[in-house]
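One structure below.
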Amino acid sequence: MAQNDFGAQQRENPDPTEKDRPIPWFVLAVVGAALAWAVGYILTVRDDDPALGDRRTIETLQAKAGGAAGGAADGAQVYAAQCVACHQASGAGLPGVFPPLAGSEWVLGDEKVAAAILLHGVTGKLTVKGSAYNGQMPAFKDKLGDAEIAAVLSYIRGNFGNQAAAVTPAVVKAARDAGAERKEPLNGDDDLARLTKPAG
């Protein structure tokens with residue numbers, strides 16, 4: 001019996017092992033040549049042809065950012081990047097979760113209040129078009145400049161069926177300066193009611 005077991009073991013192939021077999025030199029040569037070509041290509045080829053990619057050149061992107069190139073901020077672009085996830089492309093929001101911008105009294109009302117909402121964000125109970133929302137909107141004062149906030153406010157005040165005047169960067173700057181000491185978001189209806197009260 002023991003001899004038969006030994007014979008069966010002899011017929012088996014040995015278990016595979018990696019041992020110390022080096023990578024073949026020709027594989028290393030091909031990988032090295034491809035890497036050298038890729039580095040050289042990146043360092044020597046620069047093409048701003050607008051037919052490539054999403055058809056935007058560096059100059060176009062700088063102008064859209066409203067930065068050093070001096071171009072105006074694009075409200076639709078800011079909305080798509082910062083707001084559409086919650087308020088949706090239609091501006092209708094999500095019922096019971098995110099309030100609508102279409103027909104919102106906060107969008108169509110005092111532009112200084114609308115600017116304060118974007119600058120500081122809102123938390124707690126917020127009533128929009130008769131429906132209560134209890135969520136949290138982030139603050140954009142450290143993320144967007146005055147021109148970008150003015151552009152996105154102008155965009156939402158002139159779209160989704162809304163017809164309100166555009167907002168200037170000066171209005172946003174004034175709202176930013178007025179709330180410079182504020183560290184917390186606006187407390188929903190309570191703080192917004194105070195902002196809408198006439199002075200005096």
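Ligands are numbered from 1 in the order shown, residues from 1 within each chain, and chains are lettered A, B, ... in the order they appear in the structure tokens.
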Backbone DSSP call of alpha helix (DSSP H) for region 154-191 of chain A, listed as a PyMOL selection string: chain A and resi 154-157+169-178+188-191
Please dump the current selection as a tab-separated table (two decimals), in the first residue's frame; keep N, CA and C atoms.
```
chain	number	residue	atom	x	y	z
A	154	SER	N	-27.97	86.09	-10.40
A	154	SER	CA	-28.62	86.66	-11.59
A	154	SER	C	-29.19	85.56	-12.46
A	155	TYR	N	-28.46	84.46	-12.55
A	155	TYR	CA	-28.93	83.33	-13.37
A	155	TYR	C	-30.23	82.75	-12.81
A	156	ILE	N	-30.27	82.47	-11.50
A	156	ILE	CA	-31.47	81.84	-10.95
A	156	ILE	C	-32.63	82.84	-10.87
A	157	ARG	N	-32.34	84.12	-10.76
A	157	ARG	CA	-33.41	85.12	-10.71
A	157	ARG	C	-33.98	85.40	-12.10
A	169	PRO	N	-21.98	92.43	-8.46
A	169	PRO	CA	-20.98	92.06	-7.46
A	169	PRO	C	-20.92	93.03	-6.29
A	170	ALA	N	-21.26	94.30	-6.52
A	170	ALA	CA	-21.24	95.29	-5.43
A	170	ALA	C	-22.27	94.94	-4.36
A	171	VAL	N	-23.43	94.43	-4.77
A	171	VAL	CA	-24.46	94.02	-3.80
A	171	VAL	C	-23.94	92.85	-2.97
A	172	VAL	N	-23.29	91.91	-3.62
A	172	VAL	CA	-22.76	90.74	-2.90
A	172	VAL	C	-21.65	91.18	-1.94
A	173	LYS	N	-20.80	92.09	-2.40
A	173	LYS	CA	-19.73	92.58	-1.52
A	173	LYS	C	-20.30	93.27	-0.29
A	174	ALA	N	-21.35	94.06	-0.49
A	174	ALA	CA	-21.98	94.74	0.66
A	174	ALA	C	-22.55	93.72	1.63
A	175	ALA	N	-23.19	92.66	1.11
A	175	ALA	CA	-23.73	91.61	1.98
A	175	ALA	C	-22.62	90.85	2.69
A	176	ARG	N	-21.52	90.65	1.99
A	176	ARG	CA	-20.37	89.97	2.60
A	176	ARG	C	-19.79	90.82	3.74
A	177	ASP	N	-19.65	92.11	3.48
A	177	ASP	CA	-19.10	93.00	4.51
A	177	ASP	C	-20.04	93.09	5.72
A	178	ALA	N	-21.35	93.14	5.43
A	178	ALA	CA	-22.33	93.24	6.53
A	178	ALA	C	-22.32	92.01	7.42
A	188	GLY	N	-32.48	79.56	9.35
A	188	GLY	CA	-33.75	79.42	8.66
A	188	GLY	C	-34.65	80.64	8.67
A	189	ASP	N	-35.94	80.40	8.88
A	189	ASP	CA	-36.94	81.46	8.83
A	189	ASP	C	-36.66	82.58	9.83
A	190	ASP	N	-36.12	82.24	11.00
A	190	ASP	CA	-35.91	83.25	12.04
A	190	ASP	C	-34.92	84.33	11.58
A	191	ASP	N	-33.75	83.91	11.13
A	191	ASP	CA	-32.74	84.89	10.70
A	191	ASP	C	-33.17	85.60	9.41
```
Selection near Gln77 (chain A), 10 Å with only C-alpha atoms, sequence-local residues under 2 positions removed, as a short mmCIF file (atom, residue, chain, number, x, y, z; two decimals) with C-alpha atoms, in the first residue's frame:
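Listed below is the output, result.cif:
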```
data_model
loop_
_atom_site.label_atom_id
_atom_site.label_comp_id
_atom_site.auth_asym_id
_atom_site.auth_seq_id
_atom_site.Cartn_x
_atom_site.Cartn_y
_atom_site.Cartn_z
CA LYS A 64 -15.04 81.88 -17.43
CA ALA A 65 -13.46 81.86 -14.00
CA ALA A 73 -18.34 84.90 -14.32
CA ASP A 74 -20.79 82.51 -15.96
CA GLY A 75 -23.85 82.04 -13.74
CA TYR A 79 -25.06 76.79 -11.06
CA ALA A 80 -24.17 73.55 -12.86
CA ALA A 81 -21.06 73.08 -10.72
CA GLN A 82 -22.42 74.09 -7.31
CA CYS A 83 -26.22 74.03 -7.18
CA GLU A 148 -19.46 84.38 -9.16
CA ALA A 151 -23.60 85.72 -11.59
CA VAL A 152 -25.33 82.65 -10.16
CA TYR A 155 -28.93 83.33 -13.37
#
```
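Here CA of Asn162 (chain A) stands at a distance of 7.2 Å from CA of Leu108 (chain A).
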Using Å and a single decimal, report how far CA of Gly91 (chain A) sits from CA of Gly103 (chain A).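 These two atoms are separated by 9.2 Å.
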Distance criterion (only C-alpha atoms): nearest to Leu186 (chain A) out of A:Ser131, A:Gln163, A:Thr123, A:Thr44: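 Using only C-alpha atoms, the shortest distance to Leu186 (chain A) belongs to A:Thr123.
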